[in-house]
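Shown here: entry_20.csv, CSV, C-alpha atoms and all ligand atoms.
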chain,number,residue,atom,x,y,z
A,1447,MET,CA,103.4,113.0,112.9
A,1448,SER,CA,102.7,112.1,116.5
A,1449,SER,CA,105.0,113.2,119.4
A,1450,GLN,CA,107.2,110.7,121.2
A,1451,GLN,CA,107.7,108.4,118.2
A,1452,HIS,CA,109.4,105.0,118.4
A,1453,PRO,CA,113.2,105.7,118.5
A,1454,LEU,CA,113.8,103.4,115.4
A,1455,GLY,CA,111.3,105.3,113.2
A,1456,ILE,CA,108.8,102.6,112.4
A,1457,SER,CA,105.7,102.8,110.3
A,1458,PHE,CA,102.9,100.3,109.4
A,1459,GLU,CA,101.0,99.5,106.3
A,1460,PHE,CA,97.4,98.2,106.1
A,1461,PHE,CA,95.1,97.2,103.3
A,1462,PRO,CA,91.4,98.3,103.3
A,1463,PRO,CA,89.3,95.4,104.7
A,1464,ASN,CA,86.2,94.5,102.7
A,1465,THR,CA,84.0,93.2,105.4
A,1466,ASP,CA,82.7,94.7,108.7
A,1467,ALA,CA,84.5,92.0,110.6
A,1468,GLY,CA,87.7,92.8,108.8
A,1469,ARG,CA,87.2,96.5,109.7
A,1470,ASP,CA,86.6,95.8,113.4
A,1471,LYS,CA,89.6,93.6,113.5
A,1472,LEU,CA,91.8,96.2,111.8
A,1473,MET,CA,90.8,98.8,114.5
A,1474,LEU,CA,92.1,96.4,117.2
A,1475,VAL,CA,95.3,95.8,115.2
A,1476,ARG,CA,95.7,99.6,114.8
A,1477,ASP,CA,95.3,100.1,118.5
A,1478,GLU,CA,97.9,97.5,119.3
A,1479,LEU,CA,100.4,98.8,116.8
A,1480,ALA,CA,99.8,102.4,117.9
A,1481,THR,CA,101.2,101.5,121.3
A,1482,ARG,CA,104.7,101.4,119.6
A,1483,ASN,CA,104.3,105.1,118.5
A,1484,PRO,CA,104.8,104.7,114.8
A,1485,ARG,CA,105.7,107.7,112.6
A,1486,PHE,CA,102.7,106.9,110.4
A,1487,PHE,CA,100.3,104.3,109.1
A,1488,SER,CA,99.6,103.9,105.4
A,1489,VAL,CA,96.7,102.3,103.6
A,1490,THR,CA,97.0,100.6,100.2
A,1491,TYR,CA,94.9,101.4,97.1
A,1492,GLY,CA,93.5,98.7,94.8
A,1493,ALA,CA,94.8,98.4,91.2
A,1494,GLY,CA,93.2,101.0,88.9
A,1495,GLY,CA,91.5,102.7,91.9
A,1496,SER,CA,89.3,99.7,92.6
A,1497,THR,CA,89.4,100.3,96.4
A,1498,GLN,CA,89.2,104.1,96.2
A,1499,ALA,CA,86.2,104.5,98.5
A,1500,ARG,CA,87.4,101.7,100.9
A,1501,THR,CA,90.9,103.3,101.1
A,1502,ARG,CA,89.4,106.6,102.0
A,1503,ASP,CA,87.1,105.1,104.6
A,1504,THR,CA,90.0,103.1,106.1
A,1505,VAL,CA,92.2,106.1,106.2
A,1506,ARG,CA,89.5,108.0,108.0
A,1507,THR,CA,89.0,105.3,110.7
A,1508,VAL,CA,92.6,104.4,111.1
A,1509,SER,CA,93.7,108.0,111.6
A,1510,GLN,CA,91.1,108.6,114.4
A,1511,ASN,CA,93.7,108.1,117.2
A,1512,GLY,CA,95.8,111.0,115.9
A,1513,ILE,CA,98.6,109.1,114.1
A,1514,THR,CA,99.4,110.5,110.7
A,1515,THR,CA,97.8,108.2,108.1
A,1516,ALA,CA,98.9,108.2,104.4
A,1517,PRO,CA,96.7,106.9,101.7
A,1518,HIS,CA,98.4,105.2,98.8
A,1519,LEU,CA,97.3,106.6,95.4
A,1520,SER,CA,98.0,105.1,92.0
A,1521,CYS,CA,97.7,106.9,88.6
A,1522,ILE,CA,97.4,104.1,86.1
A,1523,GLY,CA,93.9,103.9,84.6
A,1524,SER,CA,92.9,107.3,86.0
A,1525,GLU,CA,92.3,110.6,84.4
A,1526,LYS,CA,93.7,113.8,85.9
A,1527,ALA,CA,90.3,115.1,86.8
A,1528,GLN,CA,89.6,112.1,89.0
A,1529,LEU,CA,93.0,112.4,90.7
A,1530,ARG,CA,92.5,116.1,91.2
A,1531,ASP,CA,89.2,115.4,92.9
A,1532,LEU,CA,90.7,112.8,95.2
A,1533,LEU,CA,93.5,115.1,96.2
A,1534,SER,CA,91.1,117.9,97.1
A,1535,GLN,CA,89.0,115.5,99.1
A,1536,TYR,CA,92.1,114.4,101.0
A,1537,ARG,CA,93.1,118.0,101.6
A,1538,GLU,CA,89.7,118.8,103.0
A,1539,GLU,CA,89.9,115.8,105.3
A,1540,GLY,CA,93.2,117.1,106.7
A,1541,ILE,CA,95.4,114.4,105.1
A,1542,ASN,CA,98.9,115.7,104.4
A,1543,SER,CA,100.9,112.5,103.5
A,1544,LEU,CA,100.5,110.3,100.5
A,1545,VAL,CA,102.3,107.2,98.9
A,1546,ALA,CA,102.3,108.0,95.2
A,1547,LEU,CA,102.4,105.1,92.8
A,1548,ARG,CA,102.0,104.2,89.1
A,1549,GLY,CA,100.2,101.0,90.1
A,1550,ASP,CA,99.4,98.1,87.8
A,1551,MET,CA,96.7,97.9,85.2
A,1552,PRO,CA,94.1,95.3,86.2
A,1553,SER,CA,93.7,92.8,83.4
A,1554,GLY,CA,90.8,93.6,81.0
A,1555,MET,CA,90.7,97.2,82.2
A,1556,GLY,CA,90.6,99.9,79.4
A,1557,SER,CA,92.8,102.9,79.0
A,1558,ILE,CA,96.1,103.5,80.8
A,1559,GLY,CA,95.0,107.0,81.7
A,1560,GLU,CA,96.8,110.4,81.4
A,1561,LEU,CA,99.8,109.7,83.7
A,1562,ARG,CA,102.0,106.8,82.7
A,1563,TYR,CA,104.6,106.6,85.4
A,1564,ALA,CA,104.9,107.5,89.1
A,1565,ASN,CA,107.3,110.5,88.3
A,1566,GLU,CA,104.4,112.0,86.3
A,1567,LEU,CA,102.0,111.5,89.3
A,1568,VAL,CA,104.5,113.2,91.7
A,1569,GLU,CA,104.8,116.1,89.3
A,1570,PHE,CA,101.1,116.3,89.0
A,1571,ILE,CA,100.6,116.3,92.8
A,1572,ARG,CA,103.2,119.1,93.2
A,1573,ASP,CA,101.7,121.2,90.4
A,1574,GLU,CA,98.2,120.8,91.8
A,1575,THR,CA,98.9,121.1,95.6
A,1576,GLY,CA,102.4,122.6,96.0
A,1577,ASP,CA,104.0,121.5,99.2
A,1578,HIS,CA,100.8,120.4,101.0
A,1579,PHE,CA,101.5,116.7,100.8
A,1580,ASN,CA,104.5,114.8,102.1
A,1581,ILE,CA,105.0,112.3,99.2
A,1582,ALA,CA,106.5,108.9,99.5
A,1583,VAL,CA,107.2,106.8,96.4
A,1584,ALA,CA,108.1,103.1,95.9
A,1585,ALA,CA,111.7,101.8,95.5
A,1586,TYR,CA,112.8,98.3,94.3
A,1587,PRO,CA,116.2,97.3,95.7
A,1588,GLU,CA,116.1,94.1,93.6
A,1589,SER,CA,114.7,95.9,90.6
A,1590,HIS,CA,111.0,96.4,89.5
A,1591,PRO,CA,109.9,93.3,87.6
A,1592,GLN,CA,109.2,95.2,84.4
A,1593,ALA,CA,112.6,97.1,84.4
A,1594,ALA,CA,115.2,96.1,81.8
A,1595,ASN,CA,117.8,96.0,84.6
A,1596,LEU,CA,118.6,97.5,88.0
A,1597,ASP,CA,120.6,100.5,86.6
A,1598,LYS,CA,117.8,101.5,84.3
A,1599,ASP,CA,115.3,101.1,87.1
A,1600,ILE,CA,117.5,103.2,89.4
A,1601,GLU,CA,117.6,106.0,86.7
A,1602,ASN,CA,113.8,106.0,86.6
A,1603,PHE,CA,113.7,105.9,90.4
A,1604,ALA,CA,116.0,109.0,90.6
A,1605,ARG,CA,113.7,110.8,88.1
A,1606,LYS,CA,110.8,110.1,90.4
A,1607,MET,CA,112.6,111.4,93.5
A,1608,LYS,CA,113.7,114.5,91.7
A,1609,ALA,CA,110.1,115.2,90.6
A,1610,GLY,CA,109.4,116.1,94.2
A,1611,ALA,CA,109.1,113.0,96.4
A,1612,ASP,CA,110.1,113.5,100.1
A,1613,MET,CA,111.0,109.9,100.7
A,1614,ALA,CA,110.8,106.3,99.4
A,1615,ILE,CA,109.6,103.0,100.8
A,1616,THR,CA,111.1,99.9,99.3
A,1617,GLN,CA,109.5,96.7,98.1
A,1618,TYR,CA,110.3,94.0,100.7
A,1619,PHE,CA,113.5,92.0,100.3
A,1620,PHE,CA,115.4,89.5,102.5
A,1621,THR,CA,119.0,90.3,101.6
A,1622,ALA,CA,120.3,93.4,103.4
A,1623,ASP,CA,123.0,94.0,100.8
A,1624,ALA,CA,120.4,94.5,98.1
A,1625,TYR,CA,119.2,97.6,100.1
A,1626,PHE,CA,122.7,98.9,100.8
A,1627,ASN,CA,123.7,98.5,97.1
A,1628,PHE,CA,120.6,100.3,96.0
A,1629,VAL,CA,121.1,103.2,98.4
A,1630,ASP,CA,124.7,103.6,97.2
A,1631,LYS,CA,123.7,103.7,93.6
A,1632,VAL,CA,120.9,106.1,94.2
A,1633,ARG,CA,123.1,108.5,96.2
A,1634,ALA,CA,125.6,108.5,93.4
A,1635,LEU,CA,122.9,110.0,91.2
A,1636,GLY,CA,122.4,112.8,93.7
A,1637,VAL,CA,119.3,111.6,95.4
A,1638,GLU,CA,119.4,112.5,99.1
A,1639,GLN,CA,115.9,111.7,100.4
A,1640,PRO,CA,115.4,108.9,103.0
A,1641,ILE,CA,114.8,105.4,101.6
A,1642,ILE,CA,112.9,103.4,104.2
A,1643,PRO,CA,113.2,99.6,103.9
A,1644,GLY,CA,109.8,97.8,103.5
A,1645,ILE,CA,109.7,94.8,105.8
A,1646,MET,CA,107.5,91.7,105.2
A,1647,PRO,CA,107.0,89.4,108.2
A,1648,ILE,CA,107.1,85.7,107.3
A,1649,THR,CA,104.0,83.8,108.5
A,1650,ASN,CA,102.8,81.7,105.5
A,1651,TYR,CA,105.5,80.4,103.1
A,1652,THR,CA,103.2,79.3,100.3
A,1653,LYS,CA,101.6,82.8,100.0
A,1654,LEU,CA,104.9,84.5,100.5
A,1655,ALA,CA,106.5,82.5,97.7
A,1656,ARG,CA,103.7,83.2,95.3
A,1657,PHE,CA,103.6,86.9,96.0
A,1658,SER,CA,107.4,87.2,95.9
A,1659,ASP,CA,107.5,85.7,92.4
A,1660,SER,CA,105.1,88.3,91.1
A,1661,CYS,CA,106.5,91.4,92.7
A,1662,GLY,CA,110.1,90.8,92.1
A,1663,ALA,CA,111.3,90.1,95.7
A,1664,GLU,CA,113.9,87.3,96.0
A,1665,ILE,CA,113.6,84.7,98.8
A,1666,PRO,CA,117.2,83.5,99.2
A,1667,ARG,CA,117.8,79.8,98.5
A,1668,TRP,CA,118.8,79.1,102.1
A,1669,MET,CA,115.6,80.6,103.4
A,1670,ARG,CA,113.4,78.8,100.8
A,1671,LYS,CA,115.0,75.4,101.8
A,1672,GLN,CA,114.6,76.0,105.4
A,1673,LEU,CA,111.0,77.2,105.1
A,1674,GLU,CA,110.1,74.3,102.7
A,1675,SER,CA,111.4,71.9,105.3
A,1676,TYR,CA,108.8,73.0,107.8
A,1677,GLY,CA,105.9,71.9,105.6
A,1678,ASP,CA,102.6,72.9,107.3
A,1679,ASP,CA,104.2,73.6,110.7
A,1680,SER,CA,103.1,77.2,111.0
A,1681,GLU,CA,104.6,77.6,114.4
A,1682,ALA,CA,108.1,76.6,113.1
A,1683,ILE,CA,107.6,78.9,110.1
A,1684,ALA,CA,106.6,81.8,112.4
A,1685,LYS,CA,109.6,81.2,114.7
A,1686,PHE,CA,112.1,81.0,111.9
A,1687,GLY,CA,110.4,84.1,110.2
A,1688,THR,CA,110.7,86.2,113.4
A,1689,GLU,CA,114.3,85.3,113.8
A,1690,ALA,CA,115.3,85.9,110.2
A,1691,VAL,CA,113.3,89.1,109.8
A,1692,SER,CA,114.6,90.5,113.1
A,1693,ARG,CA,118.2,89.8,112.0
A,1694,LEU,CA,117.5,91.5,108.7
A,1695,CYS,CA,116.0,94.6,110.4
A,1696,GLN,CA,118.8,94.9,112.9
A,1697,ARG,CA,121.4,94.7,110.1
A,1698,LEU,CA,119.6,97.4,108.2
A,1699,LEU,CA,119.3,99.7,111.2
A,1700,ASP,CA,123.0,99.1,112.1
A,1701,GLY,CA,123.9,99.9,108.5
A,1702,GLY,CA,122.1,103.3,108.7
A,1703,ALA,CA,118.6,102.6,107.4
A,1704,PRO,CA,116.5,105.7,108.5
A,1705,GLY,CA,113.5,103.6,109.7
A,1706,LEU,CA,111.5,100.5,108.9
A,1707,HIS,CA,108.1,100.3,107.2
A,1708,PHE,CA,106.2,97.1,108.0
A,1709,TYR,CA,103.8,95.4,105.6
A,1710,THR,CA,101.4,94.2,108.4
A,1711,LEU,CA,98.9,92.4,106.2
A,1712,ASN,CA,96.5,93.7,108.9
A,1713,GLN,CA,98.0,91.5,111.6
A,1714,ALA,CA,99.8,92.9,114.7
A,1715,ALA,CA,101.5,89.9,116.3
A,1716,PRO,CA,104.1,88.9,113.6
A,1717,VAL,CA,105.2,92.5,113.3
A,1718,LEU,CA,105.4,93.3,117.0
A,1719,LYS,CA,107.5,90.2,117.6
A,1720,VAL,CA,110.1,91.7,115.2
A,1721,VAL,CA,109.8,95.3,116.4
A,1722,ASP,CA,110.3,94.3,120.0
A,1723,ASN,CA,113.4,92.4,119.2
A,1724,LEU,CA,115.2,95.4,117.8
A,1725,VAL,CA,117.6,97.7,119.5
A,1726,GLY,CA,118.6,101.3,118.5
B,1801,LIG,P1,107.0,103.5,88.5
B,1801,LIG,O1,108.0,104.2,89.4
B,1801,LIG,O2,106.3,104.4,87.5
B,1801,LIG,O3,107.8,102.4,87.8
B,1801,LIG,C1,107.2,101.3,87.0
B,1801,LIG,C2,108.1,100.8,86.0
B,1801,LIG,O4,108.3,101.7,84.9
B,1801,LIG,C3,109.5,100.4,86.5
B,1801,LIG,O5,110.0,99.3,85.8
B,1801,LIG,C4,110.4,101.7,86.1
B,1801,LIG,O6,111.7,101.4,85.9
B,1801,LIG,C5,109.7,102.1,84.8
B,1801,LIG,N1,109.7,103.6,84.7
B,1801,LIG,C6,109.4,104.5,85.7
B,1801,LIG,N2,109.4,105.8,85.2
B,1801,LIG,C7,109.6,105.7,83.9
B,1801,LIG,C8,109.7,106.6,82.8
B,1801,LIG,N3,109.5,107.9,83.1
B,1801,LIG,N4,109.9,106.2,81.6
B,1801,LIG,C9,110.1,104.8,81.3
B,1801,LIG,N5,110.0,103.9,82.3
B,1801,LIG,C10,109.8,104.3,83.6
B,1801,LIG,N6,100.3,98.7,94.1
B,1801,LIG,C11,99.0,99.0,94.3
B,1801,LIG,O7,98.2,98.7,93.4
B,1801,LIG,N7,98.5,99.6,95.4
B,1801,LIG,C12,99.2,100.0,96.4
B,1801,LIG,O8,98.8,100.6,97.4
B,1801,LIG,C13,100.6,99.8,96.3
B,1801,LIG,N8,101.5,100.2,97.3
B,1801,LIG,C14,102.8,99.9,97.1
B,1801,LIG,C15,103.7,100.4,98.1
B,1801,LIG,C16,105.1,100.2,98.0
B,1801,LIG,C17,106.0,100.7,99.1
B,1801,LIG,C18,105.6,99.5,96.9
B,1801,LIG,C19,107.1,99.2,96.8
B,1801,LIG,C20,104.8,99.0,95.9
B,1801,LIG,C21,103.4,99.3,96.0
B,1801,LIG,N9,102.5,98.8,95.0
B,1801,LIG,C22,101.1,99.1,95.1
B,1801,LIG,C23,103.0,98.1,93.8
B,1801,LIG,C24,103.2,99.1,92.6
B,1801,LIG,O9,102.0,99.7,92.3
B,1801,LIG,C25,103.8,98.3,91.5
B,1801,LIG,O10,105.0,97.8,91.8
B,1801,LIG,C26,103.8,99.0,90.1
B,1801,LIG,O11,104.1,98.0,89.1
B,1801,LIG,C27,104.8,100.1,90.0
B,1801,LIG,O12,104.5,101.2,90.6
B,1801,LIG,P2,105.6,102.4,90.8
B,1801,LIG,O13,104.9,103.5,91.4
B,1801,LIG,O14,106.8,101.8,91.5
B,1801,LIG,O15,105.9,102.7,89.3
Written as C-alpha cells, how would this file's structure read?
Amino acid sequence: MSSQQHPLGISFEFFPPNTDAGRDKLMLVRDELATRNPRFFSVTYGAGGSTQARTRDTVRTVSQNGITTAPHLSCIGSEKAQLRDLLSQYREEGINSLVALRGDMPSGMGSIGELRYANELVEFIRDETGDHFNIAVAAYPESHPQAANLDKDIENFARKMKAGADMAITQYFFTADAYFNFVDKVRALGVEQPIIPGIMPITNYTKLARFSDSCGAEIPRWMRKQLESYGDDSEAIAKFGTEAVSRLCQRLLDGGAPGLHFYTLNQAAPVLKVVDNLVG
C-alpha cells in the first residue's frame, strides 16, 4: 500500500484493455486516479481465465507508479495446476494482493474445474502460499443472482471469509440500507473483516440497466424513472448520476463503511466527480 493514502480509503478497479489505444488511455486514467492516493488498484479477469495474459500485463503496467495493484483471479473452469502456476508468477512479480472469485462459466466452455466455489479458491491460495497474499473476495448485499435467498448467500459468504479472506468488496448497489443490513447479518455470524462497498458511477443508463439485471443489482424505481426521463441526454444523466452516487457514498461513509471501491470502467472523470464531493 502507498503512503499518504486518501483519508476515505478509496480504491479503483480497471478491466484489461484489448487494444493499444485502450492501453494508452488506461495509463492516463491511472495517472489521474493516482493523484487521489488510492489504497490500491485492481484489474478484472475474464470469465474462465479468458483474459489471463491481458490481466497480468495490465497489472504489470498499472502498478508501475508504485500503487499496490491486485489482479482478480477466478477458479471456475481452471485446474489447480494452472492456478498454482499463476500464483507463483504473481509472487515472482512482487504481487501481494488478489481478488479471489469463483467467476462464471462462459457458455459452451467445458468442465467446471477442480474448485467449485470461491471459498475453495481462498482455501487453496492459503494452502499454497500461506499469508503471502492479501485476499479480497466478492460480497452481494442484494444477494448473488444464483443464491436461493439472501440468508443462504450470507452463510456461503461467511464460509468464504472464514476460509481466510482479509476483506470483501461488494457488488454495486444503489440502496445504502442493503449494505448496512448485509453487514449486520454478516457480523452476527462472527465475520469481522472489512466489507468495502463497490460503487458504480452512472454514465449510461441503457448499459447500466442491462448489466444490473444480469448481476443482481437493483436500480430503485425512483432512479429508473428519473434516468428514463432523460432519454439520450447524457449530460443530464451524468449530472443526476454524480449527485445520486455522491449521496450514496456519503451515507455509506457516515454509516461506518471502511472505504469505497470504484468500478471505474476505465474512465477517470465520472469517478473523480464523486470522490471530490465526499467529506470524511
Ligand atoms: P461464490 O462466492 O463462490 O458464490 C457463487 C454462488 O454460489 C453464490 O450464489 C453463493 O451463495 C453460492 N455458494 C458459494 N459457496 C458455496 C458453497 N460452498 N456451497 C454451495 N453454494 C455456494 N467476474 C469475473 O469473471 N471476473 C472478475 O474479475 C470479477 N470481479 C468481481 C469483483 C467483485 C468485487 C464482484 C462483486 C464480482 C466480480 N465478478 C467477476 C463477478 C463474479 O465472478 C460472479 O458474481 C460469480 O457469479 C460469483 O463469483 P463469487 O466469487 O462471488 O462466487
Can you tell me, as a list in words, what residues are no more than 8 Å from region 1481-1488 of chain A when counting only C-alpha atoms, ignoring any on the same chain fewer than 5 positions away? Met1447, Ser1448, Gln1450, Gln1451, His1452, Gly1455, Ile1456, Ser1457, Phe1458, Glu1459, Phe1460, Val1505, Val1508, Ser1509, Ile1513, Thr1514, Thr1515, Ala1516, Pro1517, His1518 and Val1545 of chain A
Mind running chain A against ligand LIG 1801 (chain B) at 8 Å and telling me each contacting residue's nearest atom pair with the distance in Å (one decimal), counting only C-alpha atoms and all ligand atoms, chain and number ascending, as a Markdown table?
| residue | atom | partner | partner_atom | distance |
| --- | --- | --- | --- | --- |
| A:Phe1461 | CA | B:LIG1801 | O8 | 7.7 |
| A:Val1489 | CA | B:LIG1801 | O8 | 6.8 |
| A:Thr1490 | CA | B:LIG1801 | O8 | 3.3 |
| A:Tyr1491 | CA | B:LIG1801 | O8 | 4.0 |
| A:Gly1492 | CA | B:LIG1801 | O7 | 4.9 |
| A:Ala1493 | CA | B:LIG1801 | O7 | 4.1 |
| A:Gly1494 | CA | B:LIG1801 | O7 | 7.1 |
| A:Gly1495 | CA | B:LIG1801 | O7 | 7.9 |
| A:Pro1517 | CA | B:LIG1801 | O8 | 7.9 |
| A:His1518 | CA | B:LIG1801 | O8 | 4.8 |
| A:Leu1519 | CA | B:LIG1801 | O8 | 6.5 |
| A:Ser1520 | CA | B:LIG1801 | N7 | 6.5 |
| A:Val1545 | CA | B:LIG1801 | C15 | 7.0 |
| A:Ala1546 | CA | B:LIG1801 | O13 | 6.4 |
| A:Leu1547 | CA | B:LIG1801 | O13 | 3.3 |
| A:Arg1548 | CA | B:LIG1801 | O13 | 3.8 |
| A:Gly1549 | CA | B:LIG1801 | O9 | 3.1 |
| A:Asp1550 | CA | B:LIG1801 | O11 | 4.9 |
| A:Arg1562 | CA | B:LIG1801 | O2 | 6.9 |
| A:Tyr1563 | CA | B:LIG1801 | O2 | 3.5 |
| A:Ala1564 | CA | B:LIG1801 | O2 | 3.8 |
| A:Asn1565 | CA | B:LIG1801 | N2 | 6.0 |
| A:Glu1566 | CA | B:LIG1801 | N3 | 7.3 |
| A:Val1583 | CA | B:LIG1801 | O13 | 6.4 |
| A:Ala1584 | CA | B:LIG1801 | C19 | 4.1 |
| A:Ala1585 | CA | B:LIG1801 | C19 | 5.4 |
| A:Tyr1586 | CA | B:LIG1801 | C19 | 6.3 |
| A:Ser1589 | CA | B:LIG1801 | O5 | 7.5 |
| A:His1590 | CA | B:LIG1801 | O5 | 4.8 |
| A:Pro1591 | CA | B:LIG1801 | O5 | 6.3 |
| A:Gln1592 | CA | B:LIG1801 | O5 | 4.4 |
| A:Ala1593 | CA | B:LIG1801 | O5 | 3.7 |
| A:Ala1594 | CA | B:LIG1801 | O5 | 7.3 |
| A:Lys1598 | CA | B:LIG1801 | O6 | 6.3 |
| A:Asp1599 | CA | B:LIG1801 | O6 | 3.8 |
| A:Ile1600 | CA | B:LIG1801 | O6 | 7.0 |
| A:Glu1601 | CA | B:LIG1801 | O6 | 7.5 |
| A:Asn1602 | CA | B:LIG1801 | N2 | 4.6 |
| A:Phe1603 | CA | B:LIG1801 | O1 | 6.0 |
| A:Arg1605 | CA | B:LIG1801 | N3 | 7.1 |
| A:Lys1606 | CA | B:LIG1801 | O1 | 6.6 |
| A:Ala1614 | CA | B:LIG1801 | C17 | 7.4 |
| A:Ile1615 | CA | B:LIG1801 | C17 | 4.6 |
| A:Thr1616 | CA | B:LIG1801 | C19 | 4.8 |
| A:Gln1617 | CA | B:LIG1801 | C19 | 3.7 |
| A:Tyr1618 | CA | B:LIG1801 | C19 | 7.2 |
| A:Gly1644 | CA | B:LIG1801 | C17 | 6.5 |
| A:Cys1661 | CA | B:LIG1801 | O10 | 6.6 |
For each of A:Ala1682, A:Ala1611, A:Val1725, A:Ala1624, take the minimum atom-to-atom distance to Ala1663 (chain A), counting only C-alpha atoms, then give the residue where this is smallest. A:Ala1624
Counting only C-alpha atoms, figure out which residue out of A:Gln1639, A:Asn1723, A:Ser1680, A:Thr1575 gets nearest to Tyr1536 (chain A).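 Between A:Gln1639, A:Asn1723, A:Ser1680, A:Thr1575, the residue approaching Tyr1536 (chain A) most closely is A:Thr1575.
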Report, in Å to a single decimal, how far apart CA of Val1632 (chain A) and CA of Asp1597 (chain A) are. 9.4 Å
May I ask for the distance between CA of Thr1497 (chain A) and CA of Thr1710 (chain A), given in Å to one decimal place?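 Spanning CA of Thr1497 (chain A) to CA of Thr1710 (chain A) is a straight-line distance of 18.0 Å.
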How close does each residue of region 1592-1622 of chain A get to region 1695-1698 of chain A, giving the shortest atom pair and distance in Å to one decimal for every residue with an atom at most 10 Å away, counting all atoms listed in the file, sorted by chain and residue number, as JSON lines?
{"residue": "A:Phe1620", "atom": "CA", "partner": "A:Cys1695", "partner_atom": "CA", "distance": 9.4}
{"residue": "A:Thr1621", "atom": "CA", "partner": "A:Leu1698", "partner_atom": "CA", "distance": 9.7}
{"residue": "A:Ala1622", "atom": "CA", "partner": "A:Leu1698", "partner_atom": "CA", "distance": 6.3}
Pairwise distance, CA of Gly1576 (chain A) with CA of Met1613 (chain A), equals 16.0 Å
Give me the residues within 12 Å of region 1711-1713 of chain A as a ChimeraX atom specification, counting only C-alpha atoms and dropping any in the same chain fewer than 2 places off. /A:1458-1463,1468-1479,1487-1490,1504,1508,1645-1650,1653-1654,1708-1709,1715-1719
Compile the contact shell of Leu1533 (chain A) as a ChimeraX atom specification: residues with an atom at most 9 Å away, counting all atoms listed in the file, same-chain residues fewer than 3 positions apart removed. /A:1528-1530,1536-1538,1571,1574-1575
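Nearest residue to Pro1587 (chain A), choosing from A:Ile1642, A:Ile1541, A:Ala1634, A:Met1551 and counting only C-alpha atoms: A:Ile1642.
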Identify which of the residues A:Gln1672, A:Pro1640, A:Cys1521, A:Ala1480 lies closest to Ala1714 (chain A), counting only C-alpha atoms when measuring atom-to-atom distances.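 With only C-alpha atoms as the atom set, the closest residue is A:Ala1480.
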Would you kindly return, as a VMD selection string, each protein, DNA or RNA residue with an atom no farther than 12 Å from any atom of Gly1556 (chain A), considering all atoms listed in the file and excluding same-chain residues fewer than 2 positions away? chain A and resid 1494 1522 to 1525 1551 to 1554 1558 to 1559
